[in-house]
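Undergrad: Quick one, work.txt (compact mmCIF, C-alpha atoms and all ligand atoms):
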# COMPACT_ATOMS: atom_id res chain seq x y z
CA MET Z 1 0.00 0.00 0.00
CA ASP Z 2 0.96 3.62 -0.36
CA THR Z 3 2.36 5.01 2.85
CA ALA Z 4 1.89 8.50 4.19
CA ILE Z 5 5.59 8.87 4.84
CA SER Z 6 7.39 10.29 1.87
CA GLY Z 7 9.88 11.96 4.18
CA THR Z 8 9.58 15.32 2.45
CA LEU Z 9 8.36 17.39 5.40
CA ALA Z 10 10.60 18.89 8.06
CA ALA Z 11 10.71 16.60 11.08
CA PRO Z 12 11.60 18.45 14.28
CA PRO Z 13 12.10 16.38 17.44
CA LEU Z 14 9.11 15.68 19.65
CA VAL Z 15 9.21 17.67 22.88
CA ASP Z 16 6.25 17.60 25.26
CA PRO Z 17 4.90 20.56 27.26
CA TYR Z 18 7.13 19.60 30.20
CA GLY Z 19 10.28 19.72 28.10
CA ARG Z 20 10.66 15.94 27.87
CA HIS Z 21 12.04 14.70 24.58
CA VAL Z 22 9.98 11.76 23.39
CA ALA Z 23 12.64 9.31 22.25
CA TYR Z 24 11.07 5.95 23.01
CA LEU Z 25 8.09 4.33 21.28
CA ARG Z 26 6.50 1.07 22.39
CA VAL Z 27 4.39 -0.54 19.73
CA SER Z 28 1.78 -3.19 20.40
CA VAL Z 29 1.56 -5.08 17.12
CA THR Z 30 -1.35 -7.32 18.10
CA ASP Z 31 -3.80 -7.65 20.97
CA ARG Z 32 -3.79 -11.44 20.55
CA CYS Z 33 -1.80 -13.91 22.56
CA ASP Z 34 -1.26 -17.63 22.92
CA PHE Z 35 -1.31 -17.32 26.73
CA ARG Z 36 -4.03 -16.03 29.05
CA CYS Z 37 -2.05 -14.79 32.06
CA VAL Z 38 -4.47 -14.35 34.94
CA TYR Z 39 -3.44 -10.76 35.72
CA CYS Z 40 -3.53 -9.72 32.07
CA MET Z 41 -6.45 -11.35 30.28
CA SER Z 42 -9.68 -13.15 30.94
CA GLU Z 43 -9.89 -16.69 29.66
CA HIS Z 44 -12.43 -15.71 27.01
CA MET Z 45 -11.11 -12.54 25.51
CA THR Z 46 -12.81 -10.72 22.66
CA PHE Z 47 -10.13 -9.55 20.28
CA LEU Z 48 -10.22 -6.67 17.84
CA PRO Z 49 -11.72 -7.20 14.39
CA LYS Z 50 -8.91 -7.68 11.88
CA ALA Z 51 -10.08 -4.66 9.85
CA ASP Z 52 -9.31 -2.35 12.78
CA VAL Z 53 -5.78 -3.61 13.09
CA LEU Z 54 -3.05 -1.83 11.16
CA SER Z 55 -1.25 -3.82 8.49
CA LEU Z 56 2.44 -4.46 9.00
CA GLU Z 57 3.14 -1.88 6.29
CA GLU Z 58 1.09 0.69 8.19
CA LEU Z 59 2.90 -0.11 11.43
CA ASP Z 60 6.18 0.35 9.60
CA SER Z 61 4.99 3.74 8.31
CA LEU Z 62 3.99 4.95 11.75
CA CYS Z 63 7.21 3.74 13.37
CA THR Z 64 9.18 5.40 10.59
CA ALA Z 65 7.35 8.68 11.19
CA PHE Z 66 8.35 8.54 14.84
CA VAL Z 67 11.94 7.68 13.99
CA ARG Z 68 12.04 10.71 11.71
CA ARG Z 69 10.78 12.77 14.65
CA GLY Z 70 13.60 11.70 16.92
CA VAL Z 71 12.51 8.40 18.45
CA ARG Z 72 15.74 6.44 19.09
CA LYS Z 73 14.37 3.31 20.67
CA LEU Z 74 11.56 1.05 19.51
CA ARG Z 75 10.13 -1.75 21.61
CA ILE Z 76 7.77 -4.19 19.92
CA THR Z 77 5.20 -5.74 22.22
CA GLY Z 78 1.60 -6.91 22.31
CA GLY Z 79 -0.38 -9.12 23.12
CA GLU Z 80 2.27 -11.53 22.06
CA PRO Z 81 4.22 -9.93 19.20
CA LEU Z 82 5.64 -13.18 17.89
CA VAL Z 83 2.20 -14.71 17.23
CA ARG Z 84 1.44 -12.05 14.63
CA ARG Z 85 1.75 -13.53 11.17
CA ASP Z 86 4.78 -12.39 9.17
CA ILE Z 87 6.02 -10.33 12.11
CA MET Z 88 9.61 -10.93 11.02
CA TRP Z 89 8.88 -8.79 7.97
CA LEU Z 90 8.31 -5.84 10.31
CA PHE Z 91 11.47 -6.51 12.32
CA ASN Z 92 13.50 -6.68 9.13
CA ARG Z 93 11.95 -3.46 7.83
CA LEU Z 94 12.54 -1.60 11.07
CA GLY Z 95 16.10 -2.89 11.16
CA ARG Z 96 16.92 -0.51 8.30
CA HIS Z 97 16.71 2.38 10.76
CA LEU Z 98 19.46 0.77 12.83
CA ASP Z 99 21.62 0.50 9.74
CA GLY Z 100 20.80 4.07 8.76
CA GLY Z 101 21.63 5.43 12.23
CA GLY Z 102 18.10 6.74 12.88
CA LEU Z 103 17.54 4.23 15.64
CA ASP Z 104 19.75 3.15 18.55
CA GLU Z 105 17.79 0.11 19.57
CA LEU Z 106 15.09 -2.27 18.37
CA THR Z 107 13.84 -4.62 21.07
CA LEU Z 108 10.83 -6.68 22.02
CA THR Z 109 8.92 -7.94 25.02
CA THR Z 110 7.75 -11.51 24.61
CA ASN Z 111 6.43 -14.51 26.48
CA ALA Z 112 9.11 -16.49 24.58
CA SER Z 113 6.69 -19.20 23.42
CA GLN Z 114 7.75 -18.61 19.79
CA LEU Z 115 11.30 -17.49 20.47
CA ASP Z 116 12.82 -20.82 19.57
CA ARG Z 117 11.93 -20.37 15.89
CA HIS Z 118 12.46 -16.61 15.74
CA ALA Z 119 15.59 -15.92 17.82
CA ALA Z 120 18.10 -16.16 14.96
CA GLY Z 121 15.89 -14.06 12.66
CA LEU Z 122 15.53 -11.39 15.31
CA PHE Z 123 19.28 -11.17 15.70
CA ALA Z 124 19.69 -10.96 11.94
CA ALA Z 125 17.19 -8.07 11.87
CA GLY Z 126 19.33 -6.14 14.36
CA VAL Z 127 17.65 -6.99 17.66
CA ARG Z 128 20.24 -7.41 20.41
CA ARG Z 129 18.12 -7.66 23.57
CA VAL Z 130 14.82 -9.29 24.48
CA ASN Z 131 12.67 -8.93 27.57
CA VAL Z 132 11.07 -12.23 28.47
CA SER Z 133 8.14 -12.34 30.88
CA LEU Z 134 8.53 -15.23 33.28
CA ASP Z 135 6.96 -15.23 36.73
CA THR Z 136 7.87 -18.71 37.93
CA LEU Z 137 10.22 -21.62 37.27
CA ASP Z 138 7.69 -24.18 38.47
CA PRO Z 139 5.94 -25.89 35.52
CA ASP Z 140 2.60 -26.37 37.31
CA LYS Z 141 2.52 -22.86 38.64
CA PHE Z 142 3.50 -21.58 35.19
CA ALA Z 143 0.53 -23.39 33.69
CA ARG Z 144 -1.78 -21.92 36.35
CA ILE Z 145 -0.55 -18.34 35.87
CA THR Z 146 -0.51 -18.38 32.07
CA ARG Z 147 -3.51 -20.75 31.79
CA TRP Z 148 -2.35 -21.95 28.33
CA GLY Z 149 1.46 -21.80 28.53
CA ARG Z 150 4.07 -24.53 28.88
CA LEU Z 151 7.21 -23.65 30.79
CA GLU Z 152 9.38 -26.07 28.85
CA GLN Z 153 8.63 -24.30 25.56
CA VAL Z 154 9.48 -20.94 27.09
CA LEU Z 155 12.77 -22.18 28.52
CA ARG Z 156 13.64 -23.58 25.10
CA GLY Z 157 12.89 -20.16 23.61
CA ILE Z 158 15.18 -18.50 26.13
CA ASP Z 159 17.99 -20.95 25.35
CA SER Z 160 17.60 -20.22 21.65
CA ALA Z 161 17.79 -16.50 22.32
CA VAL Z 162 21.05 -16.95 24.20
CA SER Z 163 22.44 -19.16 21.43
CA ALA Z 164 21.50 -16.56 18.84
CA GLY Z 165 23.47 -13.90 20.74
CA LEU Z 166 20.54 -12.00 22.24
CA ALA Z 167 20.88 -10.55 25.74
CA VAL Z 168 17.92 -11.66 27.87
CA LYS Z 169 16.20 -9.73 30.63
CA ILE Z 170 13.54 -11.46 32.67
CA ASN Z 171 10.41 -9.58 33.79
CA ALA Z 172 8.51 -11.13 36.68
CA VAL Z 173 5.25 -9.81 38.07
CA ALA Z 174 5.47 -10.06 41.87
CA LEU Z 175 2.34 -11.82 43.07
CA ARG Z 176 1.70 -12.35 46.75
CA GLY Z 177 0.63 -15.89 47.48
CA VAL Z 178 1.66 -17.00 43.98
CA ASN Z 179 5.38 -16.56 43.37
CA ASP Z 180 6.46 -14.96 46.65
CA ASP Z 181 8.09 -18.25 47.69
CA GLU Z 182 10.19 -18.27 44.56
CA ILE Z 183 11.84 -14.91 44.30
CA HIS Z 184 15.16 -16.15 45.67
CA ASP Z 185 15.16 -18.96 43.10
CA LEU Z 186 14.50 -16.43 40.35
CA VAL Z 187 17.43 -14.30 41.55
CA SER Z 188 19.79 -17.33 41.61
CA TRP Z 189 18.63 -18.61 38.26
CA CYS Z 190 18.94 -15.22 36.53
CA GLY Z 191 22.27 -14.54 38.26
CA GLY Z 192 23.62 -17.90 37.14
CA ARG Z 193 22.62 -17.30 33.55
CA GLY Z 194 23.73 -13.68 33.37
CA PHE Z 195 20.18 -12.33 32.93
CA ASP Z 196 19.02 -9.08 34.49
CA LEU Z 197 15.78 -9.52 36.39
CA THR Z 198 13.05 -6.95 36.85
CA PHE Z 199 10.18 -7.27 39.28
CA ILE Z 200 6.93 -5.52 38.36
CA GLU Z 201 4.07 -4.67 40.67
CA VAL Z 202 0.71 -5.90 39.47
CA MET Z 203 -1.22 -2.98 38.02
CA PRO Z 204 -4.96 -2.35 37.96
CA LEU Z 205 -5.46 -2.50 34.19
CA GLY Z 206 -8.45 -4.02 32.44
CA GLU Z 207 -11.39 -6.08 33.59
CA LEU Z 208 -10.50 -9.74 33.72
CA GLY Z 209 -14.03 -10.90 33.20
CA ASP Z 210 -14.33 -12.93 36.37
CA GLY Z 211 -16.36 -10.29 38.16
CA ASN Z 212 -13.85 -9.95 40.96
CA SER Z 213 -10.68 -9.25 39.07
CA GLY Z 214 -9.94 -6.10 41.01
CA GLU Z 215 -10.21 -8.01 44.27
CA MET Z 216 -7.98 -10.73 42.94
CA ARG Z 217 -5.27 -8.24 42.07
CA LEU Z 218 -5.75 -6.51 45.38
CA ASP Z 219 -5.11 -9.85 47.11
CA GLN Z 220 -2.09 -10.52 44.95
CA TYR Z 221 -0.71 -7.01 45.12
CA TRP Z 222 2.73 -7.30 46.68
CA PRO Z 223 4.51 -3.95 47.07
CA LEU Z 224 8.06 -4.12 45.79
CA SER Z 225 9.30 -2.50 49.00
CA MET Z 226 8.32 -5.80 50.62
CA VAL Z 227 9.89 -7.82 47.80
CA ARG Z 228 13.11 -5.89 48.36
CA ALA Z 229 12.95 -6.50 52.13
CA GLU Z 230 12.51 -10.23 51.48
CA LEU Z 231 15.43 -10.26 49.03
CA ARG Z 232 17.71 -8.57 51.54
CA LYS Z 233 17.30 -11.56 53.86
CA ARG Z 234 19.31 -13.67 51.43
CA TRP Z 235 21.21 -11.30 49.15
CA THR Z 236 23.40 -8.25 49.47
CA LEU Z 237 21.74 -5.57 47.36
CA GLU Z 238 23.97 -2.70 46.39
CA ASP Z 239 22.84 0.55 44.85
CA SER Z 240 23.40 0.67 41.14
CA ASP Z 241 23.41 3.74 38.97
CA HIS Z 242 22.45 1.61 35.98
CA ALA Z 243 19.64 3.35 34.12
CA THR Z 244 17.85 2.36 30.95
CA GLY Z 245 15.79 5.52 30.66
CA GLY Z 246 12.80 3.44 31.75
CA PRO Z 247 10.90 3.30 35.00
CA ALA Z 248 12.98 0.53 36.61
CA ARG Z 249 15.29 1.33 39.52
CA TYR Z 250 18.24 -1.07 39.58
CA MET Z 251 20.26 -2.72 42.32
CA ARG Z 252 23.23 -5.06 42.03
CA VAL Z 253 23.28 -8.44 43.74
CA ALA Z 254 26.77 -8.76 45.25
CA GLU Z 255 26.69 -12.58 45.31
CA THR Z 256 25.76 -13.08 41.64
CA GLY Z 257 26.95 -9.83 40.08
CA GLY Z 258 23.52 -9.64 38.43
CA ARG Z 259 21.19 -6.67 38.38
CA ILE Z 260 17.67 -6.51 39.75
CA GLY Z 261 15.25 -3.84 38.62
CA PHE Z 262 12.08 -2.75 40.35
CA ILE Z 263 9.13 -1.20 38.54
CA THR Z 264 6.79 0.29 41.08
CA PRO Z 265 3.99 2.16 39.37
CA MET Z 266 1.70 1.69 42.36
CA THR Z 267 4.00 3.05 45.02
CA HIS Z 268 6.33 5.35 43.21
CA ASN Z 269 5.73 7.90 40.54
CA PHE Z 270 8.33 7.47 37.86
CA CYS Z 271 6.82 10.05 35.57
CA GLU Z 272 9.29 12.95 35.80
CA ALA Z 273 11.70 11.43 33.34
CA CYS Z 274 9.11 9.68 31.14
CA ASN Z 275 10.30 9.90 27.55
CA ARG Z 276 7.96 7.30 26.06
CA VAL Z 277 4.66 6.98 24.29
CA ARG Z 278 2.72 3.86 23.32
CA LEU Z 279 1.11 2.94 20.03
CA THR Z 280 -1.56 0.25 19.80
CA CYS Z 281 -2.12 -2.08 16.87
CA THR Z 282 -5.10 0.05 15.82
CA GLY Z 283 -2.95 3.16 15.52
CA THR Z 284 -4.07 4.75 18.78
CA LEU Z 285 -1.34 6.65 20.58
CA TYR Z 286 -1.37 6.67 24.39
CA MET Z 287 0.74 9.40 25.85
CA CYS Z 288 0.67 7.81 29.34
CA LEU Z 289 0.19 4.20 30.45
CA GLY Z 290 -1.89 5.34 33.41
CA GLN Z 291 -4.29 7.70 31.65
CA GLU Z 292 -7.17 7.20 29.24
CA ASP Z 293 -6.32 10.11 26.94
CA ALA Z 294 -5.31 8.93 23.48
CA ALA Z 295 -4.94 10.15 19.92
CA ASP Z 296 -6.00 8.43 16.72
CA LEU Z 297 -3.19 8.19 14.18
CA ARG Z 298 -4.84 5.61 11.93
CA GLY Z 299 -7.17 8.15 10.32
CA PRO Z 300 -4.37 10.61 9.48
CA LEU Z 301 -2.14 7.75 8.32
CA ARG Z 302 -4.83 6.33 6.04
CA SER Z 303 -5.57 9.79 4.64
CA GLY Z 304 -2.23 9.42 2.87
CA SER Z 305 -1.19 12.93 3.90
CA GLU Z 306 2.15 13.15 5.66
CA ARG Z 307 1.28 16.64 6.82
CA LEU Z 308 -1.92 15.47 8.54
CA LEU Z 309 -0.05 12.63 10.20
CA MET Z 310 2.73 14.86 11.50
CA GLU Z 311 0.15 17.38 12.76
CA ALA Z 312 -1.71 14.60 14.59
CA ILE Z 313 1.52 13.42 16.21
CA ASP Z 314 2.43 16.98 17.27
CA GLU Z 315 -1.03 17.56 18.67
CA ALA Z 316 -0.86 14.29 20.66
CA ILE Z 317 2.58 14.98 22.12
CA GLY Z 318 1.29 18.42 23.10
CA ARG Z 319 -1.20 16.61 25.35
CA LYS Z 320 1.28 14.30 27.08
CA PRO Z 321 0.38 14.62 30.75
CA GLU Z 322 2.87 15.35 33.47
CA GLY Z 323 2.19 12.05 35.23
CA HIS Z 324 -0.30 9.47 36.38
CA ASP Z 325 -1.83 8.38 39.62
CA PHE Z 326 -2.53 4.66 39.71
CA VAL Z 327 -4.55 3.59 42.68
CA ILE Z 328 -6.18 0.28 43.39
CA ASP Z 329 -9.54 1.48 44.62
CA ARG Z 330 -10.02 -0.57 47.73
CA ARG Z 331 -13.75 0.13 48.07
CA ARG Z 332 -14.76 -0.63 44.51
CA ALA Z 333 -11.86 -2.92 43.61
CA GLN Z 334 -12.13 -1.59 40.06
CA PRO Z 335 -9.27 -1.27 37.63
CA ALA Z 336 -8.00 2.31 37.50
CA VAL Z 337 -7.66 2.10 33.74
CA SER Z 338 -10.13 -0.02 31.84
CA ARG Z 339 -7.97 -1.14 28.91
CA HIS Z 340 -5.95 -4.31 29.21
CA MET Z 341 -2.16 -4.38 29.30
CA SER Z 342 -2.34 -6.45 26.10
CA VAL Z 343 -3.77 -3.38 24.33
CA THR Z 344 -1.07 -0.92 25.31
CA GLY Z 345 1.61 -3.53 25.68
CA GLY Z 346 2.99 -2.67 29.11
N1 LIG D 1 3.09 -11.00 25.74
C1 LIG D 1 4.32 -10.33 26.01
C2 LIG D 1 4.83 -10.67 27.39
O1 LIG D 1 4.08 -11.22 28.21
O2 LIG D 1 6.00 -10.37 27.64
C3 LIG D 1 4.27 -8.83 25.83
C4 LIG D 1 3.02 -8.11 26.30
S1 LIG D 1 2.71 -8.18 28.06
C5 LIG D 1 1.18 -7.29 28.13
C6 LIG D 1 3.92 -7.06 28.69
C7 LIG D 1 4.18 -7.14 30.17
O3 LIG D 1 3.04 -6.71 30.87
C8 LIG D 1 4.49 -8.54 30.71
O4 LIG D 1 5.75 -8.51 31.36
C9 LIG D 1 3.38 -8.81 31.70
O5 LIG D 1 3.83 -9.56 32.78
C10 LIG D 1 2.98 -7.43 32.09
N2 LIG D 1 1.61 -7.32 32.60
C11 LIG D 1 0.45 -7.73 32.05
N3 LIG D 1 -0.62 -7.41 32.82
C12 LIG D 1 -0.10 -6.78 33.92
C13 LIG D 1 -0.69 -6.21 35.08
N4 LIG D 1 -2.00 -6.22 35.28
N5 LIG D 1 0.17 -5.64 35.98
C14 LIG D 1 1.51 -5.62 35.79
N6 LIG D 1 2.11 -6.14 34.72
C15 LIG D 1 1.32 -6.72 33.78
FE1 LIG D 2 -0.12 -12.77 26.82
FE2 LIG D 2 1.87 -11.29 27.76
FE3 LIG D 2 -0.65 -10.85 28.60
FE4 LIG D 2 0.58 -13.05 29.35
S1 LIG D 2 1.19 -10.96 29.86
S2 LIG D 2 -1.53 -12.92 28.52
S3 LIG D 2 1.84 -13.53 27.61
S4 LIG D 2 0.10 -10.56 26.56
As structure tokens, please, write out the structure in this file.
TA:
Amino acid sequence: MDTAISGTLAAPPLVDPYGRHVAYLRVSVTDRCDFRCVYCMSEHMTFLPKADVLSLEELDSLCTAFVRRGVRKLRITGGEPLVRRDIMWLFNRLGRHLDGGGLDELTLTTNASQLDRHAAGLFAAGVRRVNVSLDTLDPDKFARITRWGRLEQVLRGIDSAVSAGLAVKINAVALRGVNDDEIHDLVSWCGGRGFDLTFIEVMPLGELGDGNSGEMRLDQYWPLSMVRAELRKRWTLEDSDHATGGPARYMRVAETGGRIGFITPMTHNFCEACNRVRLTCTGTLYMCLGQEDAADLRGPLRSGSERLLMEAIDEAIGRKPEGHDFVIDRRRAQPAVSRHMSVTGG
């Protein structure tokens, strides 16, 4: 198809009203997934009609527009990005921006179920790091958390990533009563394999369709301050000035030499330095993970006018809020933001 990006217009960098330079775009390429993690999706999800979803060519055009406007880092996510058909075409296309110097990094967040067959191709496209979501090393617990996943397949995917030369970072959602007995094992395992590990607090996003999803997450909500206190019983955690430009705060584990990151959206506002925006697979741009405000870029993109698209992007960045205020509402136990993580991609 014809794309709206001829590259003829001037492309000044994107700076929001608070002076933050938007240099990081996360792109959810599908809302579909081969897992049904209990904190992320209901078992019977209704997915978007295919017609609403941008083609891979359209996603390439939008990403390219952002790269022209100064985005230096692209993270591909979902849903599960690697279940989207022909997704390697998009990685290969986007890889040209690495070659051309427009982009510093192309990465993805994945459940690793399909990593075995894609790891080498991702490396060839220019990907050098992957974030793999893995909350437990216990096969039965893994099956309970993901509902449809098999741990063995994921571990094979991780091995393939390492063999292909990709650096692996593990993301684990800290869930009280679910994986709280395993965090030391996760630290040892990641330390032994040279993987950074990031713990994430469960966030109140999306109805999970079981009528009491908010309560469930309230039960499972385990503040990372408590995770850190538990970790200190076994490990020596040293301050680390490692920063990725993202919301994680890092510490170094003296015994393993590995790094542990903590993402605490519920207890700590990490908004001051936020340089990122999120694009969904329908071309909706969210300027903040914790707010409902969004801008449609699909219409301007499909108009075929580069000027209209650039104006829509400028207008959206002009509305990027200063920060968010996630709260789990203890009386109503409702999600603070109604869309699922699989829509905005985390
Ligand atoms: N399917 C891929 C994966 O699982 O890595 C990418 C998309 S997934 C939505 C991105 C991240 O969001 C995962 O690390 C997942 O654990 C996290 N996530 C999903 N729902 C969450 C929630 N309610 N609170 C905190 N993290 C969540
Ligand atoms: Fe799928 Fe990732 Fe959500 Fe799990 S967290 S259901 S793997 S999108």
Undergrad: List all protein, DNA and RNA residues that have an atom no more than 9 Å from any atom of ligand LIG 2 (chain D), counting all atoms listed in the file, and report them as an MDAnalysis selection string.
TA: chainID Z and resid 31:42 77:81 109:113 133:134 145:147 149 340:343 345:346
Undergrad: Would you mind reading off the distance between atom CA of Z:Gly95 and atom CA of Z:Lys73, one decimal, in Å?
TA: 11.5 Å
Undergrad: Given the choices Z:Val168, Z:Ala143, Z:Leu237, Z:Leu94, which gets closest to Z:Ala119 if the distance is worked out from all atoms listed in the file?
TA: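 Closest residue, counting all atoms listed in the file: Z:Val168.
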Undergrad: Which one is closest to ligand LIG 1 (chain D): Z:Thr256, Z:Ser163, Z:Ser303, Z:Thr280? Count all atoms listed in the file.
TA: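 Looking at the shortest contact to ligand LIG 1 (chain D), the residue is Z:Thr280.
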Undergrad: I'd like to know which of Z:Arg68, Z:Arg249, Z:Arg84, Z:Arg193 is closest to ligand LIG 1 (chain D), using only C-alpha atoms and all ligand atoms.
TA: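 Closest to ligand LIG 1 (chain D), using only C-alpha atoms and all ligand atoms: Z:Arg84.
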Undergrad: Give me, as a list in words, all polymer residues having an atom no more than 9 Å from Z:Arg176, counting only C-alpha atoms and skipping those fewer than 4 positions away in the same chain.
TA: Asp180, Asp181, Asp219, Gln220, Tyr221, Trp222 and Pro223 of chain Z
Undergrad: Compile the contact shell of Z:Glu306 as a PyMOL selection string: residues with an atom at most 10 Å away, counting all atoms listed in the file, same-chain residues fewer than 3 positions apart removed.
TA: chain Z and resi 3-9+65+300-303+309-312
Undergrad: Give me, as a ChimeraX atom specification, all polymer residues having an atom no more than 10 Å from Z:Ile317, counting all atoms listed in the file and skipping those fewer than 4 positions away in the same chain.
TA: /Z:14-17,20-22,277,285-287,295,311-313,321
Undergrad: To one decimal in Å, tell me the separation between atom C11 of ligand LIG 1 (chain D) and atom CA of Z:Tyr18.
TA: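 Between atom C11 of ligand LIG 1 (chain D) and atom CA of Z:Tyr18 the gap is 28.2 Å.
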Undergrad: With all atoms listed in the file as the atoms that count, which of Z:Leu59, Z:Ile183, Z:Val67, Z:Ala229 lies nearest to Z:Pro12?
TA: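 Residue with the minimum atom-to-atom distance to Z:Pro12: Z:Val67.
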Undergrad: To one decimal place in Å, what is the distance between atom CA of Z:Gly323 and atom CA of Z:Cys271?
TA: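 Atom-to-atom, atom CA of Z:Gly323 and atom CA of Z:Cys271 are spaced 5.1 Å apart.
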Undergrad: Leaving out Z:Glu152 and any residue of its chain fewer than 6 positions from it, which residues lie within 10 Å of it when counting only C-alpha atoms, given as a PyMOL selection string?
TA: chain Z and resi 113+137-139+142+158
Undergrad: Around ligand LIG 1 (chain D), fit a box with edges along x, y and z, padding it by 3 Å on each side, then list its centre and edge lengths in Å to one decimal as JSON.
TA:
{"center_x": 2.0, "center_y": -8.4, "center_z": 30.9, "size_x": 14.0, "size_y": 11.6, "size_z": 16.2}
Undergrad: Select, from Z:Ser188, Z:Ser55, Z:Thr264, Z:Thr236, the residue with the minimum atom-to-atom distance to ligand LIG 1 (chain D), counting only C-alpha atoms and all ligand atoms.
TA: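 Looking at the shortest contact to ligand LIG 1 (chain D), the residue is Z:Thr264.
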Undergrad: Counting all atoms listed in the file, find the residues whose atoms lie at most 10 Å from (7.7, 1.6, 11.1) (file coordinates) and write them out as a PyMOL selection string.
TA: chain Z and resi 5+27+56-67+74+90-91+93-97
Undergrad: Counting only C-alpha atoms and all ligand atoms, figure out which residue out of Z:Asp135, Z:Asp104, Z:Asp99, Z:Asp241 gets nearest to ligand LIG 1 (chain D).
TA: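 When distances to ligand LIG 1 (chain D) are compared using only C-alpha atoms and all ligand atoms, the smallest one comes from Z:Asp135.
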